[in-house]
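These notes concern the structure reproduced below.
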Amino acid sequence: MATSRAPLESQGLPGWLQAMPFGLVFAAFFVLPLCFVIMVSFWDYNEYEMIPAFTTRSYTESFEGCLADLPNLCTMLATYLSTAKFCLIVWALTLSIGFTVAYFLAFYVRSATTQMVLFLVCTIPFWTSNVIRMISWIPLLGRNGLVNQLLMSAHLVNAPVEWLLYSQFSVALAFVHLFTFFMVAPIFNSMMRIDRRLIEAAYDSGASAWQMLTNVIMPLSKPGIAIGSIFVITIVMGDYITFSVMGGGQIASAGKIVATRLDALQFPPAAASAVILLVATMVIIGVLNRIVDIRKEL
Amino acid sequence: MAQSANLELVHVSKRYGATLAVEAIDLKVPADAYCCLLGPSGCGKTSTLRMIAGHEGVSEGDILIGGANVTDLPPAKRGTAMMFQSYALFPHLNCVDNVAFSQKMRGVEKAKRRAQAMEFLELVAMTPFAQRVPAQLSGGQQQRVALARALITHPQILLLDEPLSALDPFLRVRMRAELRRLQRRLGIPFVHVTHGQDEALALADLVVVMNKGKIEQAGSALEVFEKPASEFVARFLGGHNVIETPAGMIAVRADRVKLVPELSNLSRFGAAVASVEYQGASYHVGLEGGGARDLSAILNDAEFAATPLAVGDRIGLAWRDEDIHPLSPAS
């Protein structure tokens with residue numbers, strides 16, 4: 001045993017050196033900027049400049065009145081609650097659609113070629129930018145858009161439906177449209193790794209199609225579901241473009257708080273709200289990690 | 001336990017597109033027999049097993065279990081249970097829940113099905129590992145769990161797809177003895193697919209040798225080994241020399257071949273020693289000559305010690321007339 005192990009270990013570079021290039025990229029483009037953001041969030045500021053002096057002003061102002069106003073929600077909490085609500089809706093929809101699509105690809109499409117072709121077809125929307133894909137909803141959902149014209153000409157409604165665009169509906173719709181694929185890909189990956197003999201073994205044990213789904217396929221797709229959920233939740237939590245474009249400026253979101261403060265060149269409060277957003281998102285991911293141990297499943 | 005049933009295949013064929021994987025086979029497995037389907041890969045043995053299990057449609061013919069035609073029934077309605085190659089245990093469930101799986105599918109409530117599962121884990125001596133997941137078990141332990149999972153449905157027939165191939169040779173011998181003991185104890189037919197002839201000979205009451213989608217020979221281990229029906233059977237089982245003679249193909253068991261001086265009048269033909277392998281209790285001597293390749297003789301160690309041989313030596317092959325087994329021409 002000892003003789004066979006020694007050459008293996010001495011071969012090539014030590015592990016930490018192999019991990020170095022990515023480590024450096026990670027440090028330069030993620031850890032360092034993040035440290036700056038955290039640092040700036042504790043700086044003071046006035047109308048014209050940032051003042052490098054330690055203060056928690058940006059944080060206290062962000063949560064100003066939040067305790068005093070209870071049980072009414074302050075702006076910060078209300079915004080986070082609303083963002084979390086979108087998160088939940090979008091997560092539930094992308095999960096159910098994504099799971100269904102992945103299930104269809106993995107278990108109904110028999111030939112590997114068709115499977116890959118269909119999977120690539122799913123990526124075609126990514127050839128255009130998010131904003132363009134969002135905007136393309138406008139002629140469809142607008143007051144005089146295609147949907148309203150159809151509804152009117154079919155005499156299903158007398159006046160154009162107002163909630164189709166610049167509403168919570170349109171925001172959620174755009175999110176689902178844009179990000180369902182982020183659910184499909186990891187779930188599909190998990191499903192493809194399920195040993196087909198397990199399906200047969202379950203069938204042999206008398207499992208119906210539904211029992212197969214709930215007792216075998218769903219538990220074994222859990223890692224994919226967790227990874228897809230992280231994608232979707234982090235994107236929706238941090239998003240502000242979709243909220244702006246599809247919400248018509250009417251809907252607040254956690255990401256928009258950061259954007260608004262940046263537009264006002266108030267960097268310390270912007271940094272503070274970014275840190276708050278980061279913490280909130282990490283809490284959600286932490287809870288998710290409790291349910292599925294992702295590291296173990298990979 | 002469950003009442004056992006005999007299994008009957010009537011002219012069963014399996015077609016994949018244009019290729020015929022199994023060609024009109026007829027087979028009867030008695031109610032208490034251990035049956036091995038033996039053959040090289042691609043011979044149709046696994047397709048046959050999967051058709052019996054109901055995981056593969058039957059193109060033509062009928063499958064009868066205990067007299068009832070089950071050709072079109074789903075697996076769980078046939079009274080069969082299958083033990084899959086590499087076991088196919090559910091990786092997310094511990095041993096108890098793996099074994100209890102089919103009872104869960106039937107809607108048996110949790111406490112009851114777990115108690116039943118524990119009984120079957122006891123049957124295979126896996127009680128101490130009940131709470132472990134498959135990844136924490138060795139190959140042999142996984143196999144026992146898979147066995148318990150198959151048996152909890154009280155099958156009338158147990159189907160095993162290369163159950164021993166994932167085990168190391170030492171464990172394989174031990175597990176096959178256990179399978180045999182279990183089959184006796186349950187008194188139901190086991191149908192066991194294997195490509196190892198030693199496994200089939202050691203286990204089976206009924207050895208079914210298959211080749212190219214057809215049954216070459218079905219009989220007791222003794223019959224199949226002593227009287228191989230065809231050249232293929234003799235070659236596949238090993239331990240036989242297949243020799244072309246003016247009177248037709250014959251088979252002579254390697255352990256019945258005597259090596260004599262080439263010029264002795266006992267010698268039937270001369271050959272050169274191509275290899276000598278020491279096997280512990282015996283020597284395995286590979287021979288070439290007389291236009292035949294792959295000839296061999298098995299000598300016990302005392303015989304070999306009396307007249308040692310080296311590669312390249314010329315030697316004569318001899319056997320008694322009663323050791324000649326004529327073969328029907330290869331189909």
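Please note that chains go A, B, ... in the order of the structure tokens, that every chain numbers its residues from 1, and that ligands are numbered from 1 in the order shown.
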* Any idea which chain A residues end up within 6 Å of chain B if we count only C-alpha atoms, as a ChimeraX atom specification please? -> /A:197-198,204-207
Produce a file of the selected residues containing C-alpha atoms, as a PDB file, in the first residue's frame.
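Generated file (again_17.pdb):
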ATOM      1  CA  ARG A 197     -31.777   0.452 -12.958  1.00  0.00           C
ATOM      2  CA  LEU A 198     -33.194   2.263  -9.940  1.00  0.00           C
ATOM      3  CA  ASP A 204     -40.279  -4.102 -10.087  1.00  0.00           C
ATOM      4  CA  SER A 205     -41.379  -3.217  -6.554  1.00  0.00           C
ATOM      5  CA  GLY A 206     -44.737  -2.137  -7.910  1.00  0.00           C
ATOM      6  CA  ALA A 207     -44.283   1.650  -7.895  1.00  0.00           C
TER       7      ALA A 207
END
* Please identify which residues in range 175-233 of chain A DSSP calls alpha helix (DSSP H) from the backbone, and express them as number ranges by chain. => A: 175-192, 196-204, 209-212, 218-220, 222-233
Put those residues in a file: N, CA and C atoms, as a compact mmCIF listing (two decimals), in the first residue's frame.
# COMPACT_ATOMS: atom_id res chain seq x y z
N PHE A 175 -39.47 37.20 -14.93
CA PHE A 175 -38.52 36.40 -14.16
C PHE A 175 -38.60 34.93 -14.56
N VAL A 176 -39.81 34.42 -14.61
CA VAL A 176 -40.00 33.01 -14.94
C VAL A 176 -39.47 32.73 -16.34
N HIS A 177 -39.79 33.64 -17.26
CA HIS A 177 -39.34 33.50 -18.64
C HIS A 177 -37.81 33.50 -18.71
N LEU A 178 -37.19 34.42 -17.96
CA LEU A 178 -35.74 34.58 -18.08
C LEU A 178 -34.97 33.47 -17.38
N PHE A 179 -35.50 33.00 -16.26
CA PHE A 179 -34.62 32.20 -15.39
C PHE A 179 -35.03 30.75 -15.21
N THR A 180 -36.10 30.31 -15.88
CA THR A 180 -36.48 28.91 -15.73
C THR A 180 -35.35 27.98 -16.14
N PHE A 181 -34.58 28.39 -17.16
CA PHE A 181 -33.51 27.51 -17.62
C PHE A 181 -32.47 27.24 -16.54
N PHE A 182 -32.31 28.22 -15.63
CA PHE A 182 -31.35 28.01 -14.53
C PHE A 182 -31.82 26.89 -13.59
N MET A 183 -33.08 26.58 -13.62
CA MET A 183 -33.61 25.43 -12.89
C MET A 183 -33.45 24.17 -13.74
N VAL A 184 -33.78 24.30 -15.04
CA VAL A 184 -33.77 23.13 -15.91
C VAL A 184 -32.39 22.47 -15.92
N ALA A 185 -31.35 23.30 -16.10
CA ALA A 185 -30.01 22.72 -16.31
C ALA A 185 -29.54 21.87 -15.12
N PRO A 186 -29.52 22.39 -13.90
CA PRO A 186 -29.02 21.52 -12.81
C PRO A 186 -29.94 20.34 -12.50
N ILE A 187 -31.25 20.53 -12.64
CA ILE A 187 -32.15 19.41 -12.35
C ILE A 187 -31.97 18.32 -13.41
N PHE A 188 -31.85 18.75 -14.66
CA PHE A 188 -31.61 17.80 -15.75
C PHE A 188 -30.33 17.01 -15.49
N ASN A 189 -29.30 17.74 -15.06
CA ASN A 189 -28.02 17.11 -14.75
C ASN A 189 -28.18 16.06 -13.65
N SER A 190 -28.89 16.42 -12.59
CA SER A 190 -29.13 15.45 -11.50
C SER A 190 -29.89 14.24 -12.01
N MET A 191 -30.90 14.49 -12.82
CA MET A 191 -31.74 13.40 -13.30
C MET A 191 -30.97 12.46 -14.21
N MET A 192 -30.07 13.03 -15.01
CA MET A 192 -29.30 12.18 -15.92
C MET A 192 -28.35 11.27 -15.14
N ARG A 196 -30.52 4.21 -14.24
CA ARG A 196 -31.83 3.76 -14.79
C ARG A 196 -32.29 2.46 -14.16
N ARG A 197 -31.37 1.70 -13.61
CA ARG A 197 -31.78 0.45 -12.96
C ARG A 197 -32.61 0.72 -11.71
N LEU A 198 -32.39 1.92 -11.11
CA LEU A 198 -33.19 2.26 -9.94
C LEU A 198 -34.65 2.42 -10.34
N ILE A 199 -34.87 2.96 -11.52
CA ILE A 199 -36.22 3.14 -12.03
C ILE A 199 -36.86 1.76 -12.20
N GLU A 200 -36.07 0.86 -12.79
CA GLU A 200 -36.58 -0.50 -13.00
C GLU A 200 -36.83 -1.20 -11.67
N ALA A 201 -35.91 -0.98 -10.72
CA ALA A 201 -36.06 -1.62 -9.42
C ALA A 201 -37.35 -1.13 -8.75
N ALA A 202 -37.64 0.16 -8.89
CA ALA A 202 -38.86 0.71 -8.31
C ALA A 202 -40.09 0.13 -9.01
N TYR A 203 -39.99 0.02 -10.33
CA TYR A 203 -41.08 -0.54 -11.12
C TYR A 203 -41.31 -2.00 -10.72
N ASP A 204 -40.21 -2.71 -10.51
CA ASP A 204 -40.28 -4.10 -10.09
C ASP A 204 -40.96 -4.22 -8.72
N ALA A 209 -46.40 5.36 -11.58
CA ALA A 209 -45.62 6.47 -12.13
C ALA A 209 -45.48 7.59 -11.11
N TRP A 210 -46.55 7.88 -10.39
CA TRP A 210 -46.52 8.95 -9.39
C TRP A 210 -45.61 8.59 -8.22
N GLN A 211 -45.71 7.34 -7.77
CA GLN A 211 -44.86 6.89 -6.66
C GLN A 211 -43.39 6.92 -7.06
N MET A 212 -43.13 6.57 -8.32
CA MET A 212 -41.77 6.61 -8.83
C MET A 212 -41.24 8.03 -8.72
N MET A 218 -37.72 12.42 -7.36
CA MET A 218 -37.62 13.68 -6.64
C MET A 218 -36.51 13.68 -5.59
N PRO A 219 -36.43 12.66 -4.72
CA PRO A 219 -35.34 12.67 -3.75
C PRO A 219 -33.96 12.68 -4.40
N LEU A 220 -33.83 11.99 -5.52
CA LEU A 220 -32.51 11.91 -6.15
C LEU A 220 -32.20 13.14 -6.99
N LYS A 222 -32.74 16.10 -5.74
CA LYS A 222 -32.61 17.16 -4.74
C LYS A 222 -31.39 18.06 -4.93
N PRO A 223 -30.20 17.50 -5.22
CA PRO A 223 -29.06 18.41 -5.41
C PRO A 223 -29.30 19.40 -6.53
N GLY A 224 -29.86 18.92 -7.65
CA GLY A 224 -30.14 19.81 -8.78
C GLY A 224 -31.16 20.87 -8.40
N ILE A 225 -32.18 20.45 -7.67
CA ILE A 225 -33.22 21.39 -7.24
C ILE A 225 -32.58 22.47 -6.35
N ALA A 226 -31.70 22.03 -5.45
CA ALA A 226 -31.07 23.00 -4.53
C ALA A 226 -30.20 23.99 -5.30
N ILE A 227 -29.41 23.49 -6.25
CA ILE A 227 -28.52 24.38 -6.99
C ILE A 227 -29.34 25.35 -7.85
N GLY A 228 -30.36 24.83 -8.54
CA GLY A 228 -31.23 25.69 -9.33
C GLY A 228 -31.90 26.74 -8.46
N SER A 229 -32.32 26.33 -7.26
CA SER A 229 -32.98 27.27 -6.36
C SER A 229 -32.03 28.39 -5.96
N ILE A 230 -30.78 28.04 -5.72
CA ILE A 230 -29.80 29.08 -5.35
C ILE A 230 -29.64 30.07 -6.50
N PHE A 231 -29.51 29.55 -7.72
CA PHE A 231 -29.41 30.44 -8.88
C PHE A 231 -30.57 31.42 -8.89
N VAL A 232 -31.78 30.87 -8.88
CA VAL A 232 -32.97 31.70 -9.05
C VAL A 232 -33.13 32.67 -7.89
N ILE A 233 -32.93 32.20 -6.67
CA ILE A 233 -33.14 33.08 -5.51
C ILE A 233 -32.12 34.21 -5.49
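Using only C-alpha atoms for every distance, the candidate list B:Val29, B:Ala254, B:Ile315, B:Val22 yields B:Val29 as the residue closest to Val191 in chain B.
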* With a distance cut-off of 12 Å and only C-alpha atoms, select the neighbouring residues of Phe129 in chain B, excluding the residue or stretch itself and same-chain residues fewer than 5 positions from it, and output the selection as a count of residues only. => 16
Find the residues around Ile284 in chain A up to 10 Å (only C-alpha atoms counted), leave out those fewer than 5 positions away in its own chain, and share them as a CSV table (one decimal) with N, CA and C atoms, in the first residue's frame.
chain,number,residue,atom,x,y,z
A,84,ALA,N,-38.8,39.3,-1.2
A,84,ALA,CA,-38.9,37.9,-0.8
A,84,ALA,C,-40.1,37.2,-1.4
A,230,ILE,N,-30.8,28.0,-5.7
A,230,ILE,CA,-29.8,29.1,-5.4
A,230,ILE,C,-29.6,30.1,-6.5
A,233,ILE,N,-32.9,32.2,-6.7
A,233,ILE,CA,-33.1,33.1,-5.5
A,233,ILE,C,-32.1,34.2,-5.5
A,234,THR,N,-30.8,33.9,-5.7
A,234,THR,CA,-29.9,35.0,-5.7
A,234,THR,C,-30.1,36.0,-6.8
A,279,VAL,N,-26.3,39.7,3.0
A,279,VAL,CA,-26.6,38.9,4.3
A,279,VAL,C,-27.9,38.3,4.1
A,289,ASN,N,-29.4,25.3,2.5
A,289,ASN,CA,-28.3,24.3,2.8
A,289,ASN,C,-28.6,23.4,3.9
A,290,ARG,N,-29.4,23.9,4.8
A,290,ARG,CA,-29.9,23.0,5.9
A,290,ARG,C,-30.7,21.9,5.4
* Surrounding residues of Ser41 in chain A excluding itself and chain neighbours under 3 positions, 7 Å, only C-alpha atoms, as a ChimeraX atom specification -> /A:37-38,58,268-269,271-272
Next, the residues of the selection above should be written as a compact mmCIF listing (two decimals), in the first residue's frame with C-alpha atoms.
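selection-v8.txt was written with the following content:
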# COMPACT_ATOMS: atom_id res chain seq x y z
CA VAL A 37 -17.76 47.36 -0.42
CA ILE A 38 -17.85 46.32 3.23
CA SER A 58 -25.36 54.05 6.63
CA PRO A 268 -21.58 54.40 1.62
CA PRO A 269 -25.37 53.87 1.91
CA ALA A 271 -22.56 49.76 -0.10
CA ALA A 272 -24.45 49.25 3.15
* To do: Write out as an MDAnalysis selection string each polymer residue whose atoms come within 10 Å of Ala218 in chain B, counting only C-alpha atoms; drop sequence neighbours fewer than 3 positions from it.
  => chainID B and resid 27:28 35:38 206:210 215 221 223:224 228:229
* To do: Could you give me, as a PyMOL selection string, each residue of range 138-297 of chain B that DSSP assigns to strand (DSSP E) when run on this structure's backbone?
  => chain B and resi 157-161+190-194+206-211+214-219+240-245+248-253+258-260+269-278+282-289+292-297
Go ahead and write the selection's residues with C-alpha atoms as a tab-separated table (two decimals), in the first residue's frame.
chain	number	residue	atom	x	y	z
B	157	ILE	CA	-39.92	-16.86	-8.47
B	158	LEU	CA	-36.70	-14.98	-7.81
B	159	LEU	CA	-34.81	-13.64	-10.80
B	160	LEU	CA	-31.12	-12.80	-10.40
B	161	ASP	CA	-29.18	-10.85	-13.01
B	190	PHE	CA	-34.40	-19.08	-8.68
B	191	VAL	CA	-33.49	-18.09	-12.21
B	192	HIS	CA	-29.92	-16.89	-12.24
B	193	VAL	CA	-28.15	-15.33	-15.22
B	194	THR	CA	-24.41	-15.82	-15.38
B	206	LEU	CA	-31.00	-26.91	-14.29
B	207	VAL	CA	-28.28	-25.41	-16.48
B	208	VAL	CA	-29.53	-23.71	-19.61
B	209	VAL	CA	-26.70	-22.99	-22.01
B	210	MET	CA	-27.61	-20.28	-24.49
B	211	ASN	CA	-25.91	-19.06	-27.64
B	214	LYS	CA	-31.14	-20.05	-28.74
B	215	ILE	CA	-30.93	-22.71	-26.07
B	216	GLU	CA	-28.05	-25.02	-26.95
B	217	GLN	CA	-28.68	-27.40	-24.11
B	218	ALA	CA	-30.78	-27.56	-20.96
B	219	GLY	CA	-30.16	-30.19	-18.36
B	240	HIS	CA	-13.24	-30.28	-22.72
B	241	ASN	CA	-11.08	-30.94	-25.74
B	242	VAL	CA	-13.01	-30.64	-28.95
B	243	ILE	CA	-11.31	-32.80	-31.56
B	244	GLU	CA	-12.07	-33.35	-35.20
B	245	THR	CA	-11.91	-37.05	-36.09
B	248	GLY	CA	-16.96	-36.51	-36.67
B	249	MET	CA	-16.46	-34.06	-33.79
B	250	ILE	CA	-15.79	-35.54	-30.41
B	251	ALA	CA	-15.28	-34.10	-26.95
B	252	VAL	CA	-12.87	-35.55	-24.43
B	253	ARG	CA	-12.64	-34.14	-20.93
B	258	LYS	CA	-3.53	-39.12	-20.53
B	259	LEU	CA	-0.14	-37.99	-21.72
B	260	VAL	CA	2.02	-40.83	-23.01
B	269	PHE	CA	-1.95	-38.35	-31.86
B	270	GLY	CA	1.12	-36.35	-31.10
B	271	ALA	CA	1.26	-32.80	-29.82
B	272	ALA	CA	3.68	-30.23	-28.48
B	273	VAL	CA	3.42	-28.78	-24.99
B	274	ALA	CA	2.48	-25.11	-25.38
B	275	SER	CA	2.10	-24.14	-21.74
B	276	VAL	CA	2.25	-25.58	-18.24
B	277	GLU	CA	0.23	-24.01	-15.46
B	278	TYR	CA	0.46	-25.05	-11.85
B	282	SER	CA	-3.18	-30.18	-10.46
B	283	TYR	CA	-1.24	-29.08	-13.51
B	284	HIS	CA	-2.92	-27.64	-16.53
B	285	VAL	CA	-0.99	-28.55	-19.67
B	286	GLY	CA	-1.77	-26.67	-22.88
B	287	LEU	CA	-1.11	-28.64	-26.07
B	288	GLU	CA	-0.91	-27.99	-29.79
B	289	GLY	CA	-0.91	-30.54	-32.55
B	292	ALA	CA	-6.26	-28.83	-33.26
B	293	ARG	CA	-5.60	-25.77	-31.13
B	294	ASP	CA	-6.57	-25.14	-27.52
B	295	LEU	CA	-6.09	-28.72	-26.43
B	296	SER	CA	-5.44	-29.27	-22.77
B	297	ALA	CA	-4.82	-31.98	-20.28
